[in-house]
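First the structure, in the form of structure tokens, and then the observations on it.
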Amino acid sequence: MGTQLAFMGRVISTLDRAQRDGHCHALLESPTGTGKSLSLLCSTLAWQQNYKLKNQHANLTRSTPNPDAITDPLAHGGGFVPESTPSSTEPTAVVELAQQVTSNKKKKTVPKIYYASRTHSQISQVVSEFRKTKYRVPMAVLASRKHYCTNVRVNGKENIDEECKLLLKDKEVGCLQFKNANKVRGHPSLQKGGCHDVHDIEDLVKVGQAVKGCSYYAARSMADDAQFGFLSVQLHN
């Protein structure tokens, strides 16, 4: 649809401008039923994927040439000597170039995408739309302990945040689920190609219950490496 193409084009141009200028905002509106969620997901994920591909190409063209190729090209690279050869073949110059390339690679991290919504039910709907796309990137759904806790001793209590923190401080009793949070994150169903590689809150809770692990701290850990994050933001007047 033309409306979807126009919507996605504006999203991508906004992201490009934000990358170029350091900041940019866009206020986009589209009628109900025009596929806003899917258009927003596909455009941002396509932009992110293109960003990664451009960086991979840049890293290849910016790789440090072997200084031995200048004096003995046939033995180092089959006679190919890059144009951007170092001005000095001293070890210090080679080390400086290598450090510069490493520093550039660290700076070129993949931009994280955060999808914020007012309610958790809306997040579930967007995750369902995400499932329909071809894109699969490390993801995380951030939510409160109230939605994620799998410890029956704490779950359901009125002040679940305080109960959780007190249990974690208790060295004698502790929380088994917290100790098994890594089992949730490393579960095969959540890995690429698994049945929950695209998951919502309920999916992560089911995995936590199955392995007796904490879905809340697993989600927080997954968010560190995620390239796409979903979260609910409560707006107050």
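Labels used: A, B, ... for chains in the order of the structure tokens, numbers from 1 for residues in each chain, and numbers from 1 for ligands as shown.
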
If you count only C-alpha atoms, which residues fall within 10 Å of Thr44 (chain A), apart from same-chain ones fewer than 5 positions away, as an NGL selection string?
-> :A and (8 or 11-12 or 15 or 39 or 49-50 or 113 or 228)

Spatial neighbours of Asp225 (chain A), 9 Å, only C-alpha atoms, chain gap at least 5 places, as a PyMOL selection string = chain A and resi 138-140

Contacts of Gly208 (chain A) at 8 Å (only C-alpha atoms; same-chain gap of 6+ positions) as a list in words |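 Neighbouring residues, sequence-local ones excluded: Thr150, Gln177, Ala181, Val184, Cys214 and Ser215 of chain A.
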
Interatomic distance, CA of Ser37 (chain A) to CA of Val207 (chain A) (Å, one decimal) = 26.5 Å

Just the residues within 10 Å of Ala218 (chain A), please, counting only C-alpha atoms, with nothing from its chain fewer than 2 positions along; format it as a list in words.
->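 These residues fall inside the cut-off: Ala140, Leu142, Tyr148, Phe178, Asn180, Ala181, Asn182, Lys183, Val184, Arg185, Gly186, Leu204, Gly208, Gly213, Cys214, Ser215, Tyr216, Arg220, Ser221, Met222 and Ala223 of chain A.
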
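Distances from A:Ala143, A:His187, A:Val211, A:Arg136 to Thr119 (chain A) were compared using only C-alpha atoms, and the smallest one belongs to A:Ala143.
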
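Reported to one decimal place, the separation of CA of Arg118 (chain A) from CA of Lys134 (chain A) is 25.7 Å.
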
Per residue of region 36-60 of chain A within 9 Å of region 126-131 of chain A, which atom pair is closest and at what distance in Å (one decimal), using only C-alpha atoms, listed by chain and increasing number, as a tab-separated table?
residue	atom	partner	partner_atom	distance
A:Ser37	CA	A:Val126	CA	6.5
A:Leu38	CA	A:Glu129	CA	6.0
A:Leu41	CA	A:Phe130	CA	6.8
A:Cys42	CA	A:Phe130	CA	8.3

Of the candidates A:Gly194, A:His147, A:Pro188, A:Gly2, which one gets nearest to Ser121 (chain A) if we count only C-alpha atoms?
-> A:His147

So which one's closest to Gln191 (chain A), A:Val137, A:Leu231, A:Val152, A:Leu167? Using only C-alpha atoms, please.
->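 Ranked by minimum distance to Gln191 (chain A), first place goes to A:Val137.
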